[in-house]
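Peer 1: Below is one structure. I have some questions about it.
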Amino acid sequence: MEKRILAILEPEEEYATLFLNFIKEKKDFLFETRIFTKLDVLLSYIKENRVDVLLAAKTCDYKEAARNASFTILLTEEQYVAEVGHPVIYKFQSAQHILQEVFDIYLAHHGDSELRYLPKERHYNKKYVVFSPYGGIGKTTTAITLGAILSENSSVLVINLEMFPKVYSWQKNMREEQLHGISDLFYYLGQSHCDLEMKIKSMVTSIGHIDYLSGVSNLWDLQDMKEEDMYQLLHGLETYTSYDVIIFDVSFLSKGISVLFEECTNVIVPTLQDNQNSTQWYKSFSKREQKLLEEKVKTILLPRMEYMDELSDIYYLAQGAYGEELRKVFCKENTVYEMRAKE
C-alpha cells in the first residue's frame with residue numbers, strides 16, 4: 001500500500017517540533033509526514049517527490065510550493081480569515097484536532113476521485129463485544145479498560161453502539177462532528193466510499209493509545225440497522241482499516257447486533273457480585289445461536305466502583321483491580337499477543 005505524503009511548512013521551529021513529536025506518537029498514521037521550517041528545503045524536496053497534501057503556515061511564502069503540491073491547506077493564526085483560495089485550519093488548537101480537520105478537508109475534496117488507499121493484504125482483526133442489558137454496571141468501563149490493556153501491544157478502536165450514549169469525561173473537548181461519530185460512519189458507508197480508515201480517523205477521539213468512536217445522534221440509526229448493514233460495517237472495518245482489535249460497546253439486542261455476536265471473537269459480559277444472572281438474556285435466541293453464544297460469552301466479575309462515569313485515568317484502571325480481572329481472560333490463551341506470534 002502506497003502512503004500519501006503530507007508536507008508541513010512551518011517556520012516556527014518550536015511549533016514544528018511539537019507537531020512532529022505528536023505525529024511520531026501516532027500509530028498507523030495515514031500519511032508519511034515531512035516537516036519543513038525553510039521554504040527552499042521544501043522546494044528541493046518537491047522537485048524529487050510527490051506531495052499529496054501541503055499544510056503550510058499562512059504567514060510564510062507558500063505559493064510556489066502550493067503550485068507543485070496536489071492539494072494545499074493553510075494554517076492560520078486568525079480565527080476568521082478572508083477567502084484565500086485554499087481551505088484553512090486554525091493553528092492554535094490541539095494537534096489532534098488539526099489532523100482531524102486535515103482528514104475532513106482532504107476527504108471532502110477527494111470524495112469523487114480514485115484513491116490510492118487500497119484494501120489491506122493478509123490483515124485481520126479481533127472483534128470483541130462488551131455487552132450488558134443493565135445500565136451502570138460498568139460495561140463502558142470494561143470496554144475502555146480492555147482497550148487500554150490490549151493497546152499495550154496492538155492498535156485498538158472502541159466503537160460505542162449504545163442506544164442512548166452518554167457524554168463521558170474524555171469527550172469534553174471533542175469537536176461537534178465527533179460527538180455522533182457512528183451515525184456519520186453509517187451515512188458514509190451508505191455512500192459507497194472506500195477511504196474508511198481516514199474517515200474514522202477524522203471522527204475519533206484519542207484516549208491514550210486508543211481510538212474511540214462516539215455513539216449515535218439518533219437511536220433509530222441503531223434500531224433500524226438491518227443484518228446487511230452490520231455485515232457492511234464489519235466488512236469495511238476488516239478491509240479498509242488496520243486496527244488489530246475492535247471493541248464494540250453494546251447495550252441492546254437486534255438482528256444487526258446478532259450478526260455482530262456471530263462474527264466477533266468473544267462477548268464479554270461484565271457483572272457485579274450482586275448480579276449473577278447477567279447471561280440469561282441469550283436464552284431468547286435460537287438454539288443454534290445459544291450454542292454459539294455459550295462458547296463465546298465470557299462473564300467478568302468486576303469490583304464495584306463508586307464513580308462509574310469518572311473514567312479520568314483509564315490506564316490507572318488497567319493496572320488496578322479492573323485490569324487484573326480482564327487480564328486473567330485476555331492476556332493468556334485468548335489474546336492478540338498470540339495472534340501476533342502466529343503471523
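Identifiers in the C-alpha cells: chain A, B, ... in order shown; residue index from 1 per chain; ligand index from 1 in order shown.
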Name all residues at most 6 Å from region 227-244 of chain A (count only C-alpha atoms; drop same-chain ones fewer than 6 positions away) and give them as a ChimeraX atom specification.

Peer 2: /A:119,125,154-156,196-197,255-256

Peer 1: Grab the residues selected above and save them as a PDB file, in the first residue's frame with N, CA, C and O atoms.

Peer 2:
```pdb
ATOM      1  N   PRO A 119      -7.288  -1.851  -0.153  1.00  0.00           N
ATOM      2  CA  PRO A 119      -7.544  -2.830   0.895  1.00  0.00           C
ATOM      3  C   PRO A 119      -6.251  -3.458   1.406  1.00  0.00           C
ATOM      4  O   PRO A 119      -5.289  -3.632   0.656  1.00  0.00           O
ATOM      5  N   ASN A 125      -8.505  -8.587  12.097  1.00  0.00           N
ATOM      6  CA  ASN A 125      -8.552  -8.038  13.444  1.00  0.00           C
ATOM      7  C   ASN A 125      -9.457  -8.884  14.318  1.00  0.00           C
ATOM      8  O   ASN A 125     -10.318  -9.606  13.835  1.00  0.00           O
ATOM      9  N   SER A 154      -1.071  -3.530  20.664  1.00  0.00           N
ATOM     10  CA  SER A 154      -1.881  -3.578  19.452  1.00  0.00           C
ATOM     11  C   SER A 154      -2.562  -2.229  19.211  1.00  0.00           C
ATOM     12  O   SER A 154      -2.700  -1.419  20.130  1.00  0.00           O
ATOM     13  N   SER A 155      -2.994  -1.999  17.986  1.00  0.00           N
ATOM     14  CA  SER A 155      -3.798  -0.808  17.678  1.00  0.00           C
ATOM     15  C   SER A 155      -5.256  -1.140  17.934  1.00  0.00           C
ATOM     16  O   SER A 155      -5.756  -2.180  17.498  1.00  0.00           O
ATOM     17  N   VAL A 156      -5.962  -0.260  18.658  1.00  0.00           N
ATOM     18  CA  VAL A 156      -7.301  -0.565  19.162  1.00  0.00           C
ATOM     19  C   VAL A 156      -8.283   0.541  18.801  1.00  0.00           C
ATOM     20  O   VAL A 156      -7.981   1.727  18.944  1.00  0.00           O
ATOM     21  N   LEU A 196     -12.193   4.381   4.265  1.00  0.00           N
ATOM     22  CA  LEU A 196     -12.869   4.292   5.549  1.00  0.00           C
ATOM     23  C   LEU A 196     -11.955   4.658   6.711  1.00  0.00           C
ATOM     24  O   LEU A 196     -12.384   5.314   7.663  1.00  0.00           O
ATOM     25  N   GLU A 197     -10.701   4.238   6.649  1.00  0.00           N
ATOM     26  CA  GLU A 197      -9.830   4.498   7.786  1.00  0.00           C
ATOM     27  C   GLU A 197      -9.600   5.990   7.991  1.00  0.00           C
ATOM     28  O   GLU A 197      -9.580   6.481   9.119  1.00  0.00           O
ATOM     29  N   LYS A 255     -31.424  -7.605  15.303  1.00  0.00           N
ATOM     30  CA  LYS A 255     -30.913  -8.520  14.282  1.00  0.00           C
ATOM     31  C   LYS A 255     -29.489  -8.133  13.866  1.00  0.00           C
ATOM     32  O   LYS A 255     -28.644  -8.983  13.633  1.00  0.00           O
ATOM     33  N   GLY A 256     -29.262  -6.812  13.766  1.00  0.00           N
ATOM     34  CA  GLY A 256     -27.916  -6.373  13.409  1.00  0.00           C
ATOM     35  C   GLY A 256     -26.906  -6.746  14.468  1.00  0.00           C
ATOM     36  O   GLY A 256     -25.790  -7.189  14.160  1.00  0.00           O
TER      37      GLY A 256
END
```

Peer 1: Go through region 57-104 of chain A and flag each residue having an atom no more than 10 Å from region 19-28 of chain A; for those, report the closest pair of atoms plus their distance in Å to one decimal, using only C-alpha atoms, ordered by chain and rising number, as a Markdown table.

Peer 2:
```
| residue | atom | partner | partner_atom | distance |
| --- | --- | --- | --- | --- |
| A:Ser94 | CA | A:Phe19 | CA | 9.4 |
| A:Ala95 | CA | A:Phe19 | CA | 6.5 |
| A:Gln96 | CA | A:Phe22 | CA | 8.3 |
| A:Ile98 | CA | A:Phe19 | CA | 9.9 |
| A:Leu99 | CA | A:Ile23 | CA | 9.1 |
```

Peer 1: For the residues selected in the previous step, produce a file with C-alpha atoms as a compact mmCIF listing (two decimals), in the first residue's frame.

Peer 2:
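Saved file out15.txt follows:
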```txt
# COMPACT_ATOMS: atom_id res chain seq x y z
CA SER A 94 -4.66 20.71 19.60
CA ALA A 95 -2.56 18.80 17.08
CA GLN A 96 -5.18 16.03 17.20
CA ILE A 98 -5.70 19.91 13.34
CA LEU A 99 -5.01 16.47 11.87
```

Peer 1: With only C-alpha atoms as the basis for distance, which of A:Lys291, A:Lys201, A:Lys139, A:Lys63 is at the shortest distance from Val250 (chain A)?

Peer 2: A:Lys139

Peer 1: Could you find all residues in region 120-332 of chain A that DSSP calls helix (DSSP H, G or I) from the backbone, and write them as an MDAnalysis selection string?

Peer 2: chainID A and resid 139:150 169:171 176:178 181:190 196:203 220:223 227:240 255:263 280:284 287:296 314:319 321:330

Peer 1: If you count only C-alpha atoms, which residues fall within 6 Å of Leu213 (chain A), apart from same-chain ones fewer than 2 positions away, as a ChimeraX atom specification?

Peer 2: /A:159,181,204

Peer 1: Would you compute the distance between CA of Ile8 (chain A) and CA of His209 (chain A)? Give it in Å to one decimal.

Peer 2: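 It comes out at 23.6 Å.
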
Peer 1: Could you check the closest approach to Ser251 (chain A) for each of A:Tyr212, A:Phe103, A:Tyr134, A:Phe186 and tell me which residue wins, using only C-alpha atoms?

Peer 2: A:Tyr134
